[in-house]
$ cat start-v4.cif   # mmCIF, C-alpha atoms
data_data
loop_
_atom_site.label_atom_id
_atom_site.label_comp_id
_atom_site.auth_asym_id
_atom_site.auth_seq_id
_atom_site.Cartn_x
_atom_site.Cartn_y
_atom_site.Cartn_z
CA MET A 1 42.27 86.75 132.81
CA TYR A 2 44.83 86.51 130.05
CA ALA A 3 46.87 89.54 131.11
CA THR A 4 50.66 89.18 130.92
CA PRO A 5 52.71 90.10 133.93
CA ALA A 6 54.42 93.52 133.80
CA SER A 7 57.84 92.04 134.55
CA ALA A 8 57.85 89.64 131.59
CA ALA A 9 61.13 89.18 129.71
CA PRO A 10 61.51 91.07 126.41
CA SER A 11 60.15 89.20 123.45
CA ARG A 12 62.22 87.89 120.58
CA ARG A 13 60.73 90.56 118.32
CA THR A 14 61.91 93.35 120.67
CA PHE A 15 65.38 91.85 120.84
CA LEU A 16 65.68 91.56 117.04
CA ARG A 17 64.35 95.10 116.52
CA THR A 18 66.94 96.48 118.97
CA ALA A 19 69.78 94.49 117.35
CA PHE A 20 68.76 95.64 113.84
CA THR A 21 68.58 99.29 114.95
CA ALA A 22 72.04 99.04 116.53
CA ALA A 23 73.44 97.48 113.35
CA VAL A 24 71.97 100.24 111.16
CA LEU A 25 73.39 102.94 113.43
CA ALA A 26 76.84 101.31 113.47
CA GLY A 27 76.84 100.97 109.68
CA THR A 28 75.82 104.59 109.21
CA ALA A 29 78.54 105.77 111.59
CA ALA A 30 81.16 103.68 109.78
CA ALA A 31 80.08 105.08 106.41
CA LEU A 32 80.10 108.70 107.59
CA ALA A 33 83.34 108.58 109.61
CA PRO A 34 85.71 109.14 106.62
CA VAL A 35 83.57 112.03 105.38
CA LEU A 36 83.57 113.72 108.77
CA ARG A 37 87.31 113.14 109.24
CA ALA A 38 88.06 114.66 105.83
CA ARG A 39 86.30 117.89 106.77
CA ARG A 40 88.76 118.59 109.60
CA PRO A 41 91.64 120.83 108.52
CA ARG A 42 95.07 119.26 108.56
CA GLU A 43 97.67 120.91 110.73
CA THR A 44 100.61 120.71 108.30
CA LEU A 45 101.18 119.04 104.98
CA THR A 46 104.90 118.48 105.52
CA PRO A 47 106.69 117.94 108.81
CA ALA A 48 109.26 120.44 110.01
CA PRO A 49 112.74 119.68 108.67
CA LEU A 50 115.17 117.91 110.98
CA THR A 51 118.05 119.38 108.98
CA GLU A 52 117.89 122.23 106.52
CA GLU A 53 120.76 123.89 104.70
CA THR A 54 121.87 125.52 101.48
CA TYR A 55 124.66 123.61 99.74
CA ARG A 56 126.17 124.96 96.52
CA GLY A 57 123.14 127.18 96.04
CA ARG A 58 120.62 124.32 96.42
CA HIS A 59 118.18 124.04 99.31
CA ILE A 60 118.41 120.66 101.09
CA ALA A 61 115.78 119.57 103.64
CA VAL A 62 115.91 116.28 105.55
CA ASP A 63 112.82 115.36 107.59
CA LEU A 64 110.82 112.33 108.63
CA ALA A 65 109.15 112.21 105.21
CA GLY A 66 112.50 111.98 103.41
CA VAL A 67 115.03 114.15 101.62
CA ARG A 68 114.15 117.07 99.36
CA ILE A 69 116.44 119.12 97.14
CA ASP A 70 114.91 122.45 96.12
CA GLY A 71 111.54 121.10 97.28
CA ARG A 72 111.69 118.01 95.06
CA PRO A 73 111.88 114.54 96.65
CA LEU A 74 115.08 112.51 96.42
CA HIS A 75 114.50 108.76 96.46
CA VAL A 76 116.50 107.45 99.44
CA MET A 77 117.00 103.81 100.41
CA ARG A 78 118.29 102.53 103.74
CA ARG A 79 120.74 99.66 103.57
CA ALA A 80 120.92 96.79 106.06
CA ASP A 81 124.14 98.17 107.57
CA GLY A 82 122.42 101.49 108.38
CA SER A 83 123.92 103.53 105.55
CA TYR A 84 121.94 105.30 102.83
CA LEU A 85 121.96 105.29 99.03
CA SER A 86 119.92 107.00 96.34
CA GLY A 87 119.02 106.60 92.69
CA ILE A 88 121.33 109.47 91.77
CA ASN A 89 124.46 107.60 92.93
CA HIS A 90 123.46 104.06 93.85
CA PHE A 91 127.03 102.71 93.77
CA GLN A 92 128.14 104.59 96.89
CA SER A 93 126.76 104.52 100.46
CA PHE A 94 126.60 107.46 102.87
CA ASP A 95 126.40 107.53 106.65
CA THR A 96 123.64 110.18 106.88
CA PRO A 97 120.84 111.41 104.62
CA LEU A 98 122.44 114.87 104.63
CA GLU A 99 125.72 113.50 103.24
CA LEU A 100 123.69 111.65 100.63
CA ALA A 101 121.85 114.83 99.63
CA ARG A 102 125.12 116.78 99.31
CA ALA A 103 126.56 114.07 97.05
CA ALA A 104 123.35 114.14 94.98
CA VAL A 105 123.70 117.93 94.57
CA ASP A 106 127.29 117.40 93.43
CA GLU A 107 126.17 114.77 90.92
CA LEU A 108 123.17 116.78 89.64
CA GLY A 109 125.12 119.95 88.97
CA THR A 110 122.63 122.44 87.50
CA ASN A 111 119.97 119.79 86.71
CA GLN A 112 116.77 119.46 88.76
CA LEU A 113 115.26 116.31 90.22
CA ALA A 114 112.09 115.07 88.55
CA LEU A 115 108.88 116.02 90.38
CA ALA A 116 107.59 112.43 90.44
CA ALA A 117 110.01 109.72 91.44
CA PRO A 118 110.23 106.84 88.91
CA HIS A 119 108.62 103.57 89.99
CA HIS A 120 110.22 100.21 89.49
CA GLY A 121 108.01 97.95 87.47
#
$ encode --input "start-v4.cif" --output "structure tokens"
Amino acid sequence: MYATPASAAPSRRTFLRTAFTAAVLAGTAAALAPVLRARRPRETLTPAPLTEETYRGRHIAVDLAGVRIDGRPLHVMRRADGSYLSGINHFQSFDTPLELARAAVDELGTNQLALAAPHHG
């Protein structure tokens, strides 16, 4: 006599239980995503050089990540007019990063670049 019809709409309790379960699953997936991504091996640590040469006995590599002299990073800044300058010789601009690296090698002589670039504070 008090039987509910089989086609009755889902109750509020069923709706809330489903929403809570979906929220827990989404939160767990968001928390585990960085861990699972970190387990994948990276293809390369440094991109392939766009330009690579030996100048005055020093190895110069120019790639998308920047300029390196003997594997050490050279701090390069792009000016508004499209030219480049560095901390080694910041009073002169150069048309290309390769020209800038050659000038830095000339200025460095036998000295090496520091492994960590200084930060402006």
$ closest_residue --input "start-v4.cif" --among "A:Arg102, A:Arg17, A:His75, A:Arg37" --to "His59 of chain A" --atoms "all atoms listed in the file"
A:Arg102
$ closest_residue --input "start-v4.cif" --among "A:Ala33, A:Pro73, A:Arg56, A:Arg78" --to "Glu107 of chain A" --atoms "only C-alpha atoms"
A:Arg56
$ atom_distance --input "start-v4.cif" --atom1 "atom CA of Asp70 of chain A" --atom2 "atom CA of Gly82 of chain A"
25.4 Å
$ resolve_selection --input "start-v4.cif" --expression "the PyMOL selection byres ((chain A and resi 51) around 7)" --output "list in words"
Pro49, Leu50, Glu52, Glu53, Ala61, Val62 and Asp63 of chain A
$ residues_around --input "start-v4.cif" --residues "Gly71 of chain A" --least-positions-apart "3" --cutoff "10 Å" --atoms "only C-alpha atoms" --output "list in words"
Arg58, His59, Ile60, Ala61, Val67, Arg68, Leu74, Leu113 and Leu115 of chain A
$ atom_distance --input "start-v4.cif" --atom1 "atom CA of Ser83 of chain A" --atom2 "atom CA of Thr110 of chain A"
26.2 Å
$ residues_around --input "start-v4.cif" --residues "Asp81 of chain A" --least-positions-apart "6" --cutoff "12 Å" --atoms "only C-alpha atoms" --output "ChimeraX atom specification"
/A:93-95
$ atom_distance --input "start-v4.cif" --atom1 "atom CA of Ser11 of chain A" --atom2 "atom CA of Thr28 of chain A"
26.2 Å
